[in-house]
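> Structure file final18.pdb (PDB, C-alpha atoms) is given on the next line.
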```
MODEL        1
ATOM      1  CA  MET R 269     -13.602   8.745 -18.049
ATOM      2  CA  ASP R 270     -10.299   9.797 -16.441
ATOM      3  CA  ASP R 271      -9.489   9.405 -12.746
ATOM      4  CA  LEU R 272     -10.092  13.040 -11.939
ATOM      5  CA  THR R 273     -13.565  13.059 -13.465
ATOM      6  CA  VAL R 274     -14.443   9.891 -11.571
ATOM      7  CA  ILE R 275     -13.147  11.346  -8.321
ATOM      8  CA  ARG R 276     -15.105  14.568  -8.813
ATOM      9  CA  LYS R 277     -18.259  12.520  -9.375
ATOM     10  CA  CYS R 278     -17.593  10.488  -6.229
ATOM     11  CA  GLN R 279     -17.061  13.676  -4.266
ATOM     12  CA  ASN R 280     -20.432  14.857  -5.522
ATOM     13  CA  GLY R 281     -22.040  11.736  -4.087
ATOM     14  CA  GLU R 282     -22.155   9.581  -7.234
ATOM     15  CA  GLY R 283     -20.996   6.353  -5.624
ATOM     16  CA  ASP R 284     -21.457   4.320  -8.805
ATOM     17  CA  ALA R 285     -18.688   6.274 -10.495
ATOM     18  CA  PHE R 286     -16.268   4.668  -8.069
ATOM     19  CA  ARG R 287     -16.744   1.453  -9.984
ATOM     20  CA  ASP R 288     -14.442   2.813 -12.694
ATOM     21  CA  LEU R 289     -11.590   3.156 -10.224
ATOM     22  CA  VAL R 290     -12.168  -0.276  -8.721
ATOM     23  CA  GLU R 291     -12.182  -1.859 -12.169
ATOM     24  CA  ARG R 292      -9.213   0.182 -13.386
ATOM     25  CA  TYR R 293      -6.938  -0.487 -10.430
ATOM     26  CA  GLY R 294      -8.371  -3.624  -8.803
ATOM     27  CA  ARG R 295      -6.074  -6.127 -10.482
ATOM     28  CA  GLN R 296      -3.006  -3.989 -10.022
ATOM     29  CA  ALA R 297      -3.876  -3.521  -6.343
ATOM     30  CA  ALA R 298      -4.472  -7.251  -5.922
ATOM     31  CA  GLY R 299      -1.022  -7.889  -7.404
ATOM     32  CA  HIS R 300       0.554  -5.416  -5.002
ATOM     33  CA  ALA R 301      -1.256  -6.824  -1.992
ATOM     34  CA  ALA R 302      -0.322 -10.370  -2.995
ATOM     35  CA  ALA R 303       3.349  -9.426  -3.094
ATOM     36  CA  LEU R 304       3.103  -7.927   0.357
ATOM     37  CA  LEU R 305       1.074 -10.643   2.024
ATOM     38  CA  PHE R 306       1.848 -13.754   0.000
ATOM     39  CA  ASN R 307      -1.637 -14.959   0.781
ATOM     40  CA  ARG R 308      -4.350 -14.649  -1.833
ATOM     41  CA  GLU R 309      -7.318 -14.435   0.506
ATOM     42  CA  ASP R 310      -5.705 -11.811   2.677
ATOM     43  CA  ALA R 311      -4.646  -9.876  -0.404
ATOM     44  CA  LEU R 312      -8.176  -9.668  -1.801
ATOM     45  CA  ASP R 313      -9.508  -8.833   1.626
ATOM     46  CA  ALA R 314      -6.994  -5.990   1.962
ATOM     47  CA  VAL R 315      -7.735  -4.599  -1.502
ATOM     48  CA  GLN R 316     -11.462  -4.634  -0.886
ATOM     49  CA  GLU R 317     -11.080  -2.849   2.438
ATOM     50  CA  ALA R 318      -8.630  -0.349   0.951
ATOM     51  CA  PHE R 319     -11.138   0.579  -1.766
ATOM     52  CA  ILE R 320     -13.785   1.101   0.901
ATOM     53  CA  ASP R 321     -11.323   3.280   2.842
ATOM     54  CA  ALA R 322     -10.577   5.218  -0.338
ATOM     55  CA  PHE R 323     -14.231   5.849  -1.039
ATOM     56  CA  ARG R 324     -14.851   7.053   2.494
ATOM     57  CA  ALA R 325     -11.851   9.365   2.345
ATOM     58  CA  ILE R 326     -12.411  10.543  -1.232
ATOM     59  CA  ASN R 327     -13.313  14.060  -0.086
ATOM     60  CA  LYS R 328      -9.820  14.407   1.365
ATOM     61  CA  PHE R 329      -8.140  13.390  -1.894
ATOM     62  CA  ASP R 330      -5.851  16.067  -3.327
ATOM     63  CA  LYS R 331      -6.997  16.365  -6.932
ATOM     64  CA  SER R 332      -3.660  17.775  -8.055
ATOM     65  CA  ARG R 333      -2.044  14.374  -7.448
ATOM     66  CA  PRO R 334      -2.492  11.008  -9.143
ATOM     67  CA  PHE R 335      -4.941   8.563  -7.611
ATOM     68  CA  TYR R 336      -2.966   5.338  -7.400
ATOM     69  CA  PRO R 337      -0.026   6.422  -5.180
ATOM     70  CA  TRP R 338      -2.571   7.819  -2.720
ATOM     71  CA  PHE R 339      -4.578   4.622  -2.878
ATOM     72  CA  TYR R 340      -1.436   2.532  -2.504
ATOM     73  CA  VAL R 341      -0.759   4.115   0.895
ATOM     74  CA  LEU R 342      -4.237   3.051   2.044
ATOM     75  CA  LEU R 343      -3.703  -0.415   0.609
ATOM     76  CA  ARG R 344      -0.348  -0.733   2.295
ATOM     77  CA  ASN R 345      -1.831   0.255   5.648
ATOM     78  CA  ARG R 346      -4.496  -2.408   5.209
ATOM     79  CA  CYS R 347      -1.896  -5.018   4.294
ATOM     80  CA  TYR R 348       0.196  -4.235   7.317
ATOM     81  CA  ARG R 349      -2.852  -4.473   9.555
ATOM     82  CA  MET R 350      -3.545  -7.919   8.079
ATOM     83  CA  ARG R 351      -0.473  -9.109   9.885
ATOM     84  CA  ALA R 352      -2.511  -9.119  13.070
ATOM     85  CA  LYS R 353      -4.554 -11.969  11.637
ATOM     86  CA  ASP R 354      -1.322 -13.910  11.374
ATOM     87  CA  ARG R 355      -2.448 -16.135   8.570
ATOM     88  CA  PRO R 356       0.404 -18.144   7.080
ATOM     89  CA  THR R 357       1.929 -17.260   3.746
ATOM     90  CA  GLU R 358       1.168 -19.613   0.884
ATOM     91  CA  SER R 359       3.769 -21.756  -0.780
ATOM     92  CA  VAL R 360       5.578 -20.554  -3.881
ATOM     93  CA  GLU R 361       3.880 -23.270  -5.936
ATOM     94  CA  ASP R 362       0.455 -21.868  -5.058
ATOM     95  CA  MET R 363       1.264 -18.195  -5.157
ATOM     96  CA  GLU R 364       3.249 -16.694  -7.984
ATOM     97  CA  ILE R 365       3.990 -13.003  -7.928
ATOM     98  CA  MET R 366       6.060 -12.753 -11.098
ATOM     99  CA  ALA R 367       5.580 -13.836 -14.665
ATOM    100  CA  PRO R 368       8.651 -14.071 -16.875
ATOM    101  CA  LYS R 369       8.658 -11.760 -19.899
ATOM    102  CA  THR R 370      11.675 -13.451 -21.390
ATOM    103  CA  GLY R 371      12.635 -17.091 -21.572
ATOM    104  CA  LEU R 372      13.404 -18.241 -18.058
ATOM    105  CA  SER R 373      13.325 -21.907 -17.182
ATOM    106  CA  SER R 374      10.709 -23.038 -14.682
ATOM    107  CA  GLU R 375      13.511 -23.877 -12.242
ATOM    108  CA  GLU R 376      14.938 -20.381 -12.512
ATOM    109  CA  SER R 377      11.496 -18.848 -12.068
ATOM    110  CA  PHE R 378      10.890 -21.008  -9.031
ATOM    111  CA  GLY R 379      14.264 -19.952  -7.579
ATOM    112  CA  LEU R 380      13.435 -16.316  -8.124
ATOM    113  CA  GLU R 381      10.006 -16.612  -6.506
ATOM    114  CA  THR R 382      11.524 -18.490  -3.568
ATOM    115  CA  ALA R 383      14.151 -15.788  -3.129
ATOM    116  CA  LEU R 384      11.434 -13.146  -3.244
ATOM    117  CA  LEU R 385       9.397 -14.935  -0.599
ATOM    118  CA  SER R 386      12.458 -15.193   1.619
ATOM    119  CA  LEU R 387      12.740 -11.404   1.786
ATOM    120  CA  SER R 388      11.195  -9.363   4.562
ATOM    121  CA  ARG R 389       7.918  -7.712   3.643
ATOM    122  CA  GLU R 390       9.530  -4.290   3.241
ATOM    123  CA  HIS R 391      12.290  -5.644   1.028
ATOM    124  CA  ARG R 392       9.880  -7.660  -1.073
ATOM    125  CA  GLU R 393       7.743  -4.582  -1.511
ATOM    126  CA  ILE R 394      10.533  -2.347  -2.740
ATOM    127  CA  ILE R 395      11.962  -4.996  -5.074
ATOM    128  CA  THR R 396       8.617  -5.654  -6.724
ATOM    129  CA  LEU R 397       7.732  -1.971  -7.044
ATOM    130  CA  LYS R 398      11.125  -1.222  -8.541
ATOM    131  CA  TYR R 399      11.354  -4.089 -11.005
ATOM    132  CA  LEU R 400       7.818  -5.216 -11.717
ATOM    133  CA  ASP R 401       6.299  -1.733 -11.830
ATOM    134  CA  GLY R 402       9.403   0.131 -12.927
ATOM    135  CA  LEU R 403       9.047   2.899 -10.360
ATOM    136  CA  SER R 404      11.750   5.543 -10.059
ATOM    137  CA  TYR R 405      13.359   6.398  -6.712
ATOM    138  CA  ASP R 406      11.133   9.458  -6.354
ATOM    139  CA  GLU R 407       8.035   7.395  -7.071
ATOM    140  CA  LEU R 408       9.179   4.754  -4.594
ATOM    141  CA  ALA R 409       9.603   7.480  -1.989
ATOM    142  CA  GLU R 410       6.039   8.638  -2.661
ATOM    143  CA  TYR R 411       4.521   5.160  -2.604
ATOM    144  CA  LEU R 412       6.382   4.083   0.506
ATOM    145  CA  GLN R 413       6.231   7.454   2.268
ATOM    146  CA  ILE R 414       9.939   7.452   2.988
ATOM    147  CA  PRO R 415      12.809   9.819   2.059
ATOM    148  CA  ARG R 416      14.780   9.203  -1.129
ATOM    149  CA  GLY R 417      17.888   8.284   0.876
ATOM    150  CA  THR R 418      15.929   5.552   2.648
ATOM    151  CA  VAL R 419      14.740   4.276  -0.744
ATOM    152  CA  MET R 420      18.371   3.906  -1.850
ATOM    153  CA  SER R 421      19.395   2.175   1.321
ATOM    154  CA  ARG R 422      16.365  -0.132   1.488
ATOM    155  CA  LEU R 423      16.704  -1.078  -2.154
ATOM    156  CA  PHE R 424      20.371  -1.797  -1.703
ATOM    157  CA  HIS R 425      19.809  -4.086   1.282
ATOM    158  CA  ALA R 426      16.869  -5.789  -0.427
ATOM    159  CA  ARG R 427      18.992  -6.507  -3.491
ATOM    160  CA  ARG R 428      21.825  -7.755  -1.344
ATOM    161  CA  GLN R 429      19.523 -10.088   0.575
ATOM    162  CA  MET R 430      17.935 -11.417  -2.588
ATOM    163  CA  GLN R 431      21.306 -11.848  -4.179
ATOM    164  CA  ALA R 432      22.507 -13.848  -1.172
ATOM    165  CA  THR R 433      19.517 -16.179  -1.506
ATOM    166  CA  LEU R 434      20.113 -16.586  -5.211
ATOM    167  CA  LYS R 435      23.860 -16.922  -4.760
ATOM    168  CA  GLY R 436      23.915 -20.504  -5.962
ATOM    169  CA  SER R 437      22.554 -19.633  -9.373
ATOM    170  CA  LEU R 438      24.471 -16.359  -9.604
ATOM    171  CA  ASP R 439      27.760 -18.165  -9.097
ATOM    172  CA  LYS R 440      27.091 -20.381 -12.104
TER
ATOM    173  CA  MET M  81      42.940   5.767  -1.592
ATOM    174  CA  ASN M  82      39.591   7.406  -0.969
ATOM    175  CA  GLU M  83      37.783   7.302   2.318
ATOM    176  CA  LEU M  84      34.388   6.085   1.032
ATOM    177  CA  ASP M  85      33.064   2.878   2.491
ATOM    178  CA  CYS M  86      31.940   0.043   0.251
ATOM    179  CA  GLU M  87      28.260   0.259   1.152
ATOM    180  CA  ARG M  88      27.983   3.917   0.151
ATOM    181  CA  VAL M  89      29.884   3.232  -3.040
ATOM    182  CA  LEU M  90      27.632   0.328  -3.969
ATOM    183  CA  MET M  91      24.500   2.344  -3.261
ATOM    184  CA  ALA M  92      25.777   5.187  -5.429
ATOM    185  CA  LYS M  93      26.782   2.846  -8.239
ATOM    186  CA  MET M  94      23.422   1.094  -8.206
ATOM    187  CA  ALA M  95      21.654   4.460  -8.306
ATOM    188  CA  GLU M  96      23.750   5.394 -11.315
ATOM    189  CA  LEU M  97      22.976   2.075 -13.033
ATOM    190  CA  ASP M  98      19.284   2.622 -12.272
ATOM    191  CA  GLY M  99      19.469   5.929 -14.124
ATOM    192  CA  GLU M 100      19.090   7.903 -10.906
ATOM    193  CA  LYS M 101      21.178  10.702  -9.498
ATOM    194  CA  PRO M 102      23.652   9.236  -6.988
ATOM    195  CA  GLU M 103      24.315  11.066  -3.741
ATOM    196  CA  ILE M 104      28.071  11.019  -4.203
ATOM    197  CA  PHE M 105      30.042  11.928  -7.281
ATOM    198  CA  GLY M 106      30.848   9.359  -9.937
ATOM    199  CA  GLU M 107      34.570  10.019 -10.037
ATOM    200  CA  ARG M 108      35.056   9.188  -6.379
ATOM    201  CA  VAL M 109      32.867   6.122  -6.753
ATOM    202  CA  ASN M 110      34.718   4.869  -9.802
ATOM    203  CA  LEU M 111      38.082   5.416  -8.119
ATOM    204  CA  HIS M 112      36.962   3.318  -5.167
ATOM    205  CA  ILE M 113      35.633   0.569  -7.431
ATOM    206  CA  GLU M 114      38.884   0.426  -9.388
ATOM    207  CA  GLN M 115      40.721  -0.241  -6.146
ATOM    208  CA  CYS M 116      38.194  -2.567  -4.486
ATOM    209  CA  GLY M 117      37.752  -6.122  -5.745
ATOM    210  CA  ASP M 118      34.845  -6.822  -3.357
ATOM    211  CA  CYS M 119      32.849  -3.930  -4.759
ATOM    212  CA  ARG M 120      33.545  -4.983  -8.352
ATOM    213  CA  ARG M 121      32.353  -8.508  -7.599
ATOM    214  CA  GLU M 122      29.245  -7.295  -5.851
ATOM    215  CA  ILE M 123      28.359  -4.911  -8.671
ATOM    216  CA  GLU M 124      28.632  -7.747 -11.176
ATOM    217  CA  GLN M 125      26.291  -9.883  -9.106
ATOM    218  CA  MET M 126      23.837  -7.032  -8.652
ATOM    219  CA  GLN M 127      23.846  -6.375 -12.383
ATOM    220  CA  TYR M 128      23.011 -10.019 -12.986
ATOM    221  CA  LEU M 129      20.167  -9.793 -10.470
ATOM    222  CA  ASP M 130      19.003  -6.622 -12.208
ATOM    223  CA  HIS M 131      19.028  -8.395 -15.538
ATOM    224  CA  VAL M 132      17.011 -11.345 -14.235
ATOM    225  CA  LEU M 133      14.461  -9.175 -12.444
ATOM    226  CA  GLN M 134      14.012  -6.861 -15.401
ATOM    227  CA  GLY M 135      12.856  -9.874 -17.378
ATOM    228  CA  GLN M 136       9.873 -10.281 -15.055
ATOM    229  CA  GLU M 137       6.481  -8.676 -14.887
ATOM    230  CA  ARG M 138       3.829  -8.649 -12.210
ATOM    231  CA  ARG M 139       1.301 -11.446 -12.350
ATOM    232  CA  LEU M 140      -2.106  -9.823 -12.047
ATOM    233  CA  PRO M 141      -4.908 -11.965 -10.647
ATOM    234  CA  ASN M 142      -8.293 -11.966 -12.334
ATOM    235  CA  VAL M 143     -10.640 -10.497  -9.799
ATOM    236  CA  ASP M 144     -13.882  -8.596  -9.863
ATOM    237  CA  LEU M 145     -13.917  -6.585  -6.686
ATOM    238  CA  TRP M 146     -16.765  -4.224  -7.468
ATOM    239  CA  PRO M 147     -19.679  -6.359  -6.180
ATOM    240  CA  ALA M 148     -17.965  -6.753  -2.806
ATOM    241  CA  VAL M 149     -16.944  -3.097  -2.594
ATOM    242  CA  GLU M 150     -20.346  -1.842  -3.732
ATOM    243  CA  LYS M 151     -22.089  -3.465  -0.756
ATOM    244  CA  HIS M 152     -20.103  -1.264   1.574
ATOM    245  CA  ILE M 153     -20.299   2.090  -0.131
ATOM    246  CA  GLY M 154     -23.888   3.150   0.163
ATOM    247  CA  PRO M 155     -24.997   6.505  -1.211
ATOM    248  CA  ARG M 156     -24.743   8.123   2.199
ATOM    249  CA  THR M 157     -21.890   7.347   4.525
ATOM    250  CA  ALA M 158     -20.811   8.919   7.779
ATOM    251  CA  SER M 159     -17.937  10.722   6.093
ATOM    252  CA  GLN M 160     -20.304  12.346   3.606
ATOM    253  CA  ILE M 161     -22.621  13.517   6.335
ATOM    254  CA  GLY M 162     -19.688  15.277   7.971
ATOM    255  CA  TRP M 163     -19.209  16.375  11.532
ATOM    256  CA  GLY M 164     -22.351  18.518  11.848
ATOM    257  CA  PRO M 165     -24.674  15.940  13.449
ATOM    258  CA  PHE M 166     -21.952  14.866  15.849
ATOM    259  CA  ALA M 167     -21.340  18.473  16.872
ATOM    260  CA  LEU M 168     -25.083  18.814  17.487
ATOM    261  CA  ILE M 169     -25.011  15.800  19.793
ATOM    262  CA  ALA M 170     -22.053  17.247  21.669
ATOM    263  CA  VAL M 171     -23.868  20.558  22.131
ATOM    264  CA  LEU M 172     -26.987  18.777  23.368
ATOM    265  CA  LEU M 173     -25.019  16.688  25.825
ATOM    266  CA  VAL M 174     -23.139  19.707  27.171
ATOM    267  CA  ALA M 175     -26.403  21.656  27.496
ATOM    268  CA  TYR M 176     -27.939  18.714  29.327
ATOM    269  CA  LYS M 177     -24.999  18.540  31.719
ATOM    270  CA  LEU M 178     -25.129  22.272  32.364
ATOM    271  CA  PHE M 179     -28.838  22.079  33.030
ATOM    272  CA  GLU M 180     -28.222  19.234  35.457
ATOM    273  CA  MET M 181     -25.812  21.435  37.381
ATOM    274  CA  LEU M 182     -28.431  24.138  37.956
ATOM    275  CA  PRO M 183     -29.843  24.246  41.521
ATOM    276  CA  GLU M 184     -33.521  23.300  42.097
ATOM    277  CA  ARG M 185     -33.965  21.984  38.610
ATOM    278  CA  ASP M 186     -36.763  19.702  37.660
ATOM    279  CA  PRO M 187     -35.771  18.226  34.342
ATOM    280  CA  GLY M 188     -37.997  15.200  34.399
ATOM    281  CA  MET M 189     -37.365  12.102  32.342
ATOM    282  CA  ALA M 190     -37.348  14.006  29.070
ATOM    283  CA  PHE M 191     -33.825  15.244  29.548
ATOM    284  CA  LYS M 192     -32.549  11.735  30.089
ATOM    285  CA  ILE M 193     -34.330  10.360  27.082
ATOM    286  CA  VAL M 194     -33.593  13.157  24.604
ATOM    287  CA  PRO M 195     -29.881  12.339  24.082
ATOM    288  CA  LEU M 196     -30.714   8.679  23.544
ATOM    289  CA  VAL M 197     -33.416   9.565  21.042
ATOM    290  CA  VAL M 198     -31.067  11.898  19.191
ATOM    291  CA  LEU M 199     -28.355   9.247  19.005
ATOM    292  CA  THR M 200     -30.774   6.596  17.801
ATOM    293  CA  ALA M 201     -32.184   8.954  15.168
ATOM    294  CA  LEU M 202     -28.693   9.746  13.974
ATOM    295  CA  PHE M 203     -27.726   6.099  13.579
ATOM    296  CA  ILE M 204     -30.921   5.459  11.642
ATOM    297  CA  MET M 205     -30.250   8.502   9.477
ATOM    298  CA  ILE M 206     -26.749   7.416   8.507
ATOM    299  CA  SER M 207     -27.833   3.774   8.216
ATOM    300  CA  GLU M 208     -24.676   2.725   9.900
ATOM    301  CA  ASN M 209     -24.161   1.251  13.314
ATOM    302  CA  PRO M 210     -20.637   2.197  14.438
ATOM    303  CA  PHE M 211     -20.573  -0.605  16.994
ATOM    304  CA  LYS M 212     -21.478  -3.335  14.538
ATOM    305  CA  ILE M 213     -18.828  -5.886  13.587
ATOM    306  CA  ASP M 214     -19.291  -6.419   9.882
ATOM    307  CA  PRO M 215     -19.320 -10.126   9.015
ATOM    308  CA  GLU M 216     -19.900  -9.491   5.317
ATOM    309  CA  LEU M 217     -16.284  -8.984   4.315
ATOM    310  CA  ILE M 218     -16.346 -12.190   2.368
ATOM    311  CA  LEU M 219     -13.830 -12.645  -0.367
ATOM    312  CA  GLU M 220     -14.807 -13.068  -3.945
ATOM    313  CA  LYS M 221     -13.628 -16.425  -5.185
TER
ENDMDL
END
```
Starting from the file, lay out its structure as structure tokens.


Amino acid sequence: MDDLTVIRKCQNGEGDAFRDLVERYGRQAAGHAAALLFNREDALDAVQEAFIDAFRAINKFDKSRPFYPWFYVLLRNRCYRMRAKDRPTESVEDMEIMAPKTGLSSEESFGLETALLSLSREHREIITLKYLDGLSYDELAEYLQIPRGTVMSRLFHARRQMQATLKGSLDK
Amino acid sequence: MNELDCERVLMAKMAELDGEKPEIFGERVNLHIEQCGDCRREIEQMQYLDHVLQGQERRLPNVDLWPAVEKHIGPRTASQIGWGPFALIAVLLVAYKLFEMLPERDPGMAFKIVPLVVLTALFIMISENPFKIDPELILEK
């Protein structure tokens, strides 16, 4: 069943149909929330609450648009509200955001994760959406609700900051 | 020598390398880069970073969120009921207030109790107490 069919069912009061969306996007959302919060418990909490928000607002969903970017905005809002709880971020050893596709030594992976954690939340978000999800600038603008020019500038500064943290290995 | 600053040049070059349309033309960017060692060095480093990051994918945790979500999305929620019942309450309260303003009225206790009864009935109907702090947002391990 595609997203649109599921959403139509939910709008007609078939709450069980929402299960499809939760199962389809739950892991992806948990990955996104983890990158934002760097705390597993908070991430799952945020995803769960975002799905509840989505269900409650499903009647307002514009069916001409894809589901996940709309949901991501809700998720992001939840993640940013989590900040109020002020729970500490987990260590890089306990919380890995990335998995290497190609052969990268464990030291290099650790360095990359550490550099990612050192970024501000906004920079970490744009770097992971760009590289780990392969989003285009227009998609980034939609997900982050910012103009394309701001995407370019934020991505540039995020890369620069990450590059500065990784400078040691880049100089090799 | 062109008048572009390094930051704008680097942003444009990175957009081009990302396969996106840069905001300034390539010729002007390339001219600047040819003449600017700092920009060349930074582009090299950014390309290396690009290369390393492109070799990564997102680690997706194994979670089953449905049981936790399901508890909170009953078949009838306030948003599905819509604004009708709330508008009814507002009308009743305004009518009550107007009646109270009439001279020589004798409303009796009924008019004080009716709004409370209506509110209570509404909360029962939607099975949701808006003042309740929900302690059930427990994470799935």

> Applied to the shown file, which residues does the ChimeraX specification (/M :<8) & /R return, written as JSON, numbers by chain?

{"R": [281, 282, 283, 287, 290, 291, 294, 295, 296, 298, 299, 309, 312, 313, 316, 317, 319, 320, 323, 324, 325, 364, 365, 366, 367, 368, 369, 370, 396, 399, 400, 401, 404, 405, 420, 421, 424, 427, 428, 431, 438]}

> Can you pull out the residues contacting Val274 in chain R? Cut-off 9 Å, using only C-alpha atoms, and skip same-chain residues under 4 positions away; I want them as a list of chain:residue names.

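Answer for this query is R:Met269, R:Asp270, R:Cys278, R:Gln279, R:Glu282, R:Ala285, R:Phe286, R:Arg287, R:Asp288, R:Leu289.
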
> Identify the residues around (35.2, -1.3, -5.9) within a radius of 12 Å, measuring from all atoms listed in the file in the coordinates stated by the file, and give them as a compact mmCIF listing (two decimals) with C-alpha atoms, keeping the file's coordinate frame.


```txt
# COMPACT_ATOMS: atom_id res chain seq x y z
CA MET M 81 42.94 5.77 -1.59
CA ASN M 82 39.59 7.41 -0.97
CA LEU M 84 34.39 6.08 1.03
CA ASP M 85 33.06 2.88 2.49
CA CYS M 86 31.94 0.04 0.25
CA GLU M 87 28.26 0.26 1.15
CA ARG M 88 27.98 3.92 0.15
CA VAL M 89 29.88 3.23 -3.04
CA LEU M 90 27.63 0.33 -3.97
CA MET M 91 24.50 2.34 -3.26
CA ALA M 92 25.78 5.19 -5.43
CA LYS M 93 26.78 2.85 -8.24
CA ARG M 108 35.06 9.19 -6.38
CA VAL M 109 32.87 6.12 -6.75
CA ASN M 110 34.72 4.87 -9.80
CA LEU M 111 38.08 5.42 -8.12
CA HIS M 112 36.96 3.32 -5.17
CA ILE M 113 35.63 0.57 -7.43
CA GLU M 114 38.88 0.43 -9.39
CA GLN M 115 40.72 -0.24 -6.15
CA CYS M 116 38.19 -2.57 -4.49
CA GLY M 117 37.75 -6.12 -5.74
CA ASP M 118 34.84 -6.82 -3.36
CA CYS M 119 32.85 -3.93 -4.76
CA ARG M 120 33.54 -4.98 -8.35
CA ARG M 121 32.35 -8.51 -7.60
CA GLU M 122 29.24 -7.30 -5.85
CA ILE M 123 28.36 -4.91 -8.67
CA GLU M 124 28.63 -7.75 -11.18
```

> Measuring atom to atom with only C-alpha atoms, identify which of R:Leu412, R:Ala301, R:Val315, R:Leu403 is nearest to Trp338 in chain R.

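Distance minimum relative to Trp338 in chain R lands on R:Leu412.
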
> One number please: CA of Glu381 in chain R to CA of Leu434 in chain R, in Å, one decimal.

10.2 Å

> Find the distance between CA of Ala303 in chain R and CA of Leu397 in chain R and write it in Å to one decimal.

9.5 Å
